[in-house]
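Notes follow the structure.
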Amino acid sequence: MVKAVVGANWGDEGKGKITDMLAEKADIIIRFQGGANAGHTIVNDYGKFALHTLPSGVFYGHTTNIIGNGVALDIPVLFKEIQSIVDRGVPAPKILVSDRAQIVMSYHKNFDAYEEERLGGKSFGSTKSGIAPFYSDKYAKIGFQVSELFDDELLKEKVVRVAEQKNVLLEHLYHKPAISPEDLYKELQEYKEMVAPYVCALFLHNALKEGKEVLLEGQLGTLKDPDHGIYPMVTSSSTLAAYGAIGAGIPPYEIQKVITVCKAYSSAVGAGAFVSEIFGEEADELRKRGGDGGEFGATTGRPRRMGWFDCVASKYGCRMQGTTDVAFTVLDVLGYLDEIPVCVGYEIDGEVTTDFPTTHLLEKAKPVLKKLPGWKCDIRGIRKYEELPENCRKYIEFVESEIGYPITMVSNGPGRNDIIYR
């Protein structure tokens with residue numbers, strides 16, 4: 001069976017923990033989109049980790065962890081990550097890299113930084129990981145596919161062509177130093193040496209035929225999808241479970257379960273519309289208590305923007321993912337509140353809607369809030385749903401009724417075993 005683990009919102013929902021947890025019973029875990037621009041924080045018996053490229057199944061000896069063709073592959077980051085977990089006592093994981101994945105080049109990161117600099121106050125809040133320039137090149141058909149590393153004649157011709165095109169932008173738009181074909185060729189040769197032992201032609205047909213358990217691990221969430229998110233403040237690859245079929249190379253009908261991860265409150269990194277956002281001391285307190293050790297980006301360390309749970313955005317996010325199950329995370333964080341506001345609608349131009357609008361309307365939206373009673377106690381360590389405080393259960397059930405999708409898992413702590421099944 002193939003299951004997808006994806007995010008309902010802006011990312012940061014806790015997908016890494018849920019994937020790490022489900023990976024115990026999985027055979028194969030596949031990253032199918034995105035790159036090193038977002039991190040998954042995982043707490044397990046080995047310690048606390050922030051993974052940026054590695055699939056979250058790497059902490060189990062029995063799993064095969066695959067970088068799918070849809071990933072923006074930053075080869076130095078991948079190898080730094082492998083080394084970092086091995087150095088902390090994790091057994092060397094089994095890693096495979098699709099020969100159809102494409103490579104993030106050093107100039108992609110430079111172009112990312114140059115463009116943010118050029119845009120100034122109108123920038124997108126990029127992590128400067130090279131993601132937008134990478135995907136631009138992929139679809140302009142001037143990216144480097146892993147398979148091409150093994151065709152020397154092709155590489156020598158292609159680096160000349162790519163350098164020529166990039167240097168026009170470097171000289172006339174960004175006024176930055178040119179790149180040379182020789183340096184590009186040398187960079188690609190270094191990448192070839194690093195990645196060669198892991199490269200494979202990804203045919204999952206036999207694994208599926210044999211009934212293997214496959215997990216597709218998504219990055220970010222619905223609202224960062226370039227088609228269905230808060231465009232243009234989105235990422236550059238599809239964040240939807242449906243794209244898992246493309247980014248991993250499997251038939252779409254094989255994805256039988258879509259586990260969509262929702263936080264019990266909201267957080268976001270980067271620019272863009274965020275209707276339920278809170279500010280000042282209220283936000284600082286939630287940020288300080290949130291996540292595991294505070295709400296700060298796993299990739300950038302930036303303080304996350306904070307907000308109350310948004311039923312409108314989450315209902316839409318779950319719908320677009322094709323959700324079968326909702327995993328409701330970081331519920332334990334809210335135990336300090338007397339009352340918990342929840343966004344149940346948007347007021348736009350004097351009218352209230354519960355449908356998630358396009359960005360130009362979203363920018364005008366004001367949250368319609370409903371306050372629910374808090375439970376004022378620590379719920380970590382509880383393993384049975386009926387043992388949760390009554391107001392805590394009422395909060396979960398209210399959210400479930402508003403979004404319209406079953407909450408089958410409740411996370412009440414950062415650890416692998418801090419989970420309640422419903």
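Residue numbering restarts at 1 in every chain; chains get A, B, ... in the order shown in the structure tokens, and ligands count up from 1 in that same order.
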Quick one: which stretch 31-55 of chain A residues come within 10 Å of stretch 82-104 of chain A, and what is the nearest atom pair for each with the distance in Å to one decimal, counting only C-alpha atoms, rows ordered by chain and ascending number, as a tab-separated table?
```
residue	atom	partner	partner_atom	distance
A:Phe32	CA	A:Ala101	CA	9.6
A:Gln33	CA	A:Ala101	CA	9.8
A:Gly35	CA	A:Val104	CA	8.5
A:Ala36	CA	A:Val104	CA	9.5
A:Asp45	CA	A:Val90	CA	9.7
A:Tyr46	CA	A:Val90	CA	6.8
A:Gly47	CA	A:Arg88	CA	8.4
A:Phe49	CA	A:Ile85	CA	8.0
A:Ala50	CA	A:Ile85	CA	9.9
A:Leu51	CA	A:Ile85	CA	9.3
A:Thr53	CA	A:Ile82	CA	9.5
A:Leu54	CA	A:Ile82	CA	7.6
A:Pro55	CA	A:Ile95	CA	9.0
```
Could you pull out the residues in stretch 236-373 of chain A that DSSP calls alpha helix (DSSP H) from the backbone, as a ChimeraX atom specification?
-> /A:242-248,280-289,311-321,359-362
May I have the residues within 8 Å of A:Gln219 as a ChimeraX atom specification, using only C-alpha atoms and disregarding those fewer than 4 positions away in the same chain?
-> /A:6-7,11,15,33-34,38,239
For A:Asp227: contacts at 12 Å, only C-alpha atoms, fewer than 4 positions along chain excluded, given as a CSV table (one decimal) with C-alpha atoms, in the first residue's frame:
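The result, written out as selection.csv:
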```csv
chain,number,residue,atom,x,y,z
A,222,THR,CA,-1.3,22.9,0.4
A,223,LEU,CA,-1.1,26.7,0.8
A,231,TYR,CA,0.3,32.5,-5.2
A,232,PRO,CA,2.8,34.1,-5.8
A,233,MET,CA,4.0,33.6,-2.2
A,234,VAL,CA,4.4,29.9,-2.8
A,235,THR,CA,7.1,27.3,-3.4
A,236,SER,CA,8.1,26.1,-6.9
A,237,SER,CA,7.0,22.5,-6.9
A,238,SER,CA,3.6,21.0,-6.2
A,239,THR,CA,3.0,20.2,-2.5
A,240,LEU,CA,0.0,18.0,-3.1
A,243,TYR,CA,2.1,15.0,-7.3
A,320,MET,CA,-7.0,19.7,-2.1
A,358,THR,CA,-7.7,33.4,-4.2
A,359,THR,CA,-4.8,35.6,-3.0
```
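Using only C-alpha atoms for every distance, the candidate list A:Val2, A:Cys200, A:Cys318, A:Ala132 yields A:Cys200 as the residue closest to A:Ile67.
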List every residue of stretch 211-368 of chain A that DSSP, applied to the backbone of this structure, places in strand (DSSP E), and write the result as number ranges by chain.
-> A: 214-217, 255-263, 266-268, 277-278, 305-307, 309-310, 325-329, 339-348, 351-353, 366-368
Within 12 Å of A:Gly404, counting only C-alpha atoms, which residues show up once you throw out same-chain ones fewer than 4 positions away? Write them as an mmCIF file with C-alpha atoms, in the first residue's frame, please.
```
data_model
loop_
_atom_site.group_PDB
_atom_site.id
_atom_site.type_symbol
_atom_site.label_atom_id
_atom_site.label_comp_id
_atom_site.auth_asym_id
_atom_site.auth_seq_id
_atom_site.Cartn_x
_atom_site.Cartn_y
_atom_site.Cartn_z
ATOM 1 C CA CYS A 311 -10.624 26.131 9.890
ATOM 2 C CA VAL A 312 -11.135 27.796 6.501
ATOM 3 C CA SER A 314 -7.346 23.769 6.856
ATOM 4 C CA LYS A 315 -10.617 22.551 5.334
ATOM 5 C CA TYR A 316 -9.412 23.749 1.920
ATOM 6 C CA GLY A 317 -5.940 22.291 2.506
ATOM 7 C CA CYS A 318 -7.356 18.875 3.405
ATOM 8 C CA ARG A 319 -9.746 18.923 0.449
ATOM 9 C CA GLY A 322 -7.582 14.270 -1.011
ATOM 10 C CA THR A 323 -7.360 13.573 2.714
ATOM 11 C CA THR A 324 -8.370 10.216 4.159
ATOM 12 C CA ASP A 325 -6.903 10.836 7.647
ATOM 13 C CA VAL A 326 -5.888 13.945 9.576
ATOM 14 C CA ILE A 396 -10.464 18.269 18.675
ATOM 15 C CA GLU A 397 -14.076 17.393 17.862
ATOM 16 C CA PHE A 398 -14.958 21.012 17.046
ATOM 17 C CA VAL A 399 -12.028 21.264 14.616
ATOM 18 C CA GLU A 400 -12.969 17.908 13.072
#
```
Using only C-alpha atoms, the best pick from A:Val352, A:Ile403, A:Met21, A:Val146 as closest to A:Val5 would be A:Met21
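Relative to atom CA of A:Ala26, atom CA of A:Glu210 is found at 13.2 Å.
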Find the residues of stretch 375-418 of chain A that sit at most 12 Å from stretch 334-347 of chain A; for each, write down the nearest two atoms and how far apart they are in Å, to one decimal. Count only C-alpha atoms. Sort by chain, then by number going up, and give it as a tab-separated table.
```
residue	atom	partner	partner_atom	distance
A:Trp375	CA	A:Gly335	CA	6.0
A:Lys376	CA	A:Gly335	CA	4.9
A:Cys377	CA	A:Gly335	CA	5.2
A:Asp378	CA	A:Gly335	CA	5.9
A:Ile379	CA	A:Gly335	CA	7.4
A:Arg380	CA	A:Gly335	CA	9.9
A:Leu388	CA	A:Gly335	CA	11.4
A:Pro389	CA	A:Gly335	CA	10.3
A:Asn391	CA	A:Glu339	CA	10.2
A:Cys392	CA	A:Gly335	CA	8.7
A:Lys394	CA	A:Ile340	CA	11.6
A:Tyr395	CA	A:Ile340	CA	8.7
A:Ile396	CA	A:Val342	CA	11.4
A:Phe398	CA	A:Val342	CA	9.7
A:Val399	CA	A:Val342	CA	8.6
A:Ser401	CA	A:Val344	CA	11.1
A:Glu402	CA	A:Val344	CA	7.6
A:Ile403	CA	A:Val344	CA	9.5
A:Asn412	CA	A:Leu334	CA	10.1
A:Gly413	CA	A:Leu334	CA	11.4
```
Selection from above, N, CA and C atoms, as a CSV table (one decimal), in the first residue's frame, can you write it?
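This went into selection11.csv:
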```csv
chain,number,residue,atom,x,y,z
A,375,TRP,N,-8.0,23.8,28.5
A,375,TRP,CA,-8.1,22.7,29.5
A,375,TRP,C,-7.0,22.9,30.6
A,376,LYS,N,-6.1,23.8,30.4
A,376,LYS,CA,-5.3,24.3,31.5
A,376,LYS,C,-4.5,23.2,32.2
A,377,CYS,N,-4.0,22.3,31.5
A,377,CYS,CA,-3.1,21.2,32.1
A,377,CYS,C,-2.2,20.6,31.0
A,378,ASP,N,-1.2,19.9,31.5
A,378,ASP,CA,-0.3,19.2,30.6
A,378,ASP,C,-0.9,17.9,30.1
A,379,ILE,N,-1.0,17.7,28.8
A,379,ILE,CA,-1.6,16.4,28.3
A,379,ILE,C,-0.5,15.5,27.8
A,380,ARG,N,0.8,15.8,27.9
A,380,ARG,CA,1.8,14.9,27.5
A,380,ARG,C,1.8,13.6,28.3
A,388,LEU,N,-8.0,12.2,27.7
A,388,LEU,CA,-7.7,13.6,27.6
A,388,LEU,C,-8.8,14.4,28.3
A,389,PRO,N,-8.4,15.6,28.8
A,389,PRO,CA,-9.5,16.5,29.4
A,389,PRO,C,-10.7,16.7,28.5
A,391,ASN,N,-12.4,19.3,27.8
A,391,ASN,CA,-12.3,20.5,26.9
A,391,ASN,C,-11.3,20.3,25.8
A,392,CYS,N,-10.3,19.5,26.0
A,392,CYS,CA,-9.4,19.1,25.0
A,392,CYS,C,-10.0,18.3,23.9
A,394,LYS,N,-13.2,18.3,23.3
A,394,LYS,CA,-14.2,19.1,22.6
A,394,LYS,C,-13.5,20.0,21.5
A,395,TYR,N,-12.3,20.4,21.8
A,395,TYR,CA,-11.5,21.2,20.9
A,395,TYR,C,-11.2,20.4,19.6
A,396,ILE,N,-10.7,19.2,19.8
A,396,ILE,CA,-10.5,18.3,18.7
A,396,ILE,C,-11.7,18.0,17.9
A,398,PHE,N,-14.5,19.8,17.7
A,398,PHE,CA,-15.0,21.0,17.0
A,398,PHE,C,-14.2,21.2,15.7
A,399,VAL,N,-12.9,21.1,15.8
A,399,VAL,CA,-12.0,21.3,14.6
A,399,VAL,C,-12.4,20.2,13.6
A,401,SER,N,-15.3,18.7,13.1
A,401,SER,CA,-16.6,19.0,12.5
A,401,SER,C,-16.4,20.2,11.5
A,402,GLU,N,-15.6,21.2,11.8
A,402,GLU,CA,-15.4,22.3,10.9
A,402,GLU,C,-14.7,22.0,9.6
A,403,ILE,N,-13.6,21.2,9.7
A,403,ILE,CA,-12.9,20.9,8.5
A,403,ILE,C,-13.5,19.7,7.7
A,412,ASN,N,0.6,14.6,21.0
A,412,ASN,CA,0.6,15.4,22.2
A,412,ASN,C,2.0,15.5,22.8
A,413,GLY,N,3.0,15.6,22.0
A,413,GLY,CA,4.3,15.7,22.4
A,413,GLY,C,5.3,15.5,21.2
```
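Excluding A:Arg31 and any residue on its chain fewer than 3 positions from it, the residues at most 7 Å away by only C-alpha atoms are Pro55, Ile66, Ile67, Gly68, Val71, Leu216, Glu217 and Gly218 of chain A.
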Residues at most 12 Å from A:Lys212, counting only C-alpha atoms, excluding those fewer than 2 positions away in the same chain, as a PyMOL selection string?
-> chain A and resi 1-3+25-29+63-64+204-210+214-215+254
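Across the structure, atom CA of A:Gly307 and atom CA of A:Ile382 are spaced 25.6 Å apart.
Between atom CA of A:Val258 and atom CA of A:Ala4 the interatomic distance comes to 4.8 Å.
In this comparison, which uses only C-alpha atoms, the residue of A:Asp310, A:Glu157, A:Asp418, A:Glu285 approaching A:Leu184 most closely is A:Glu157.
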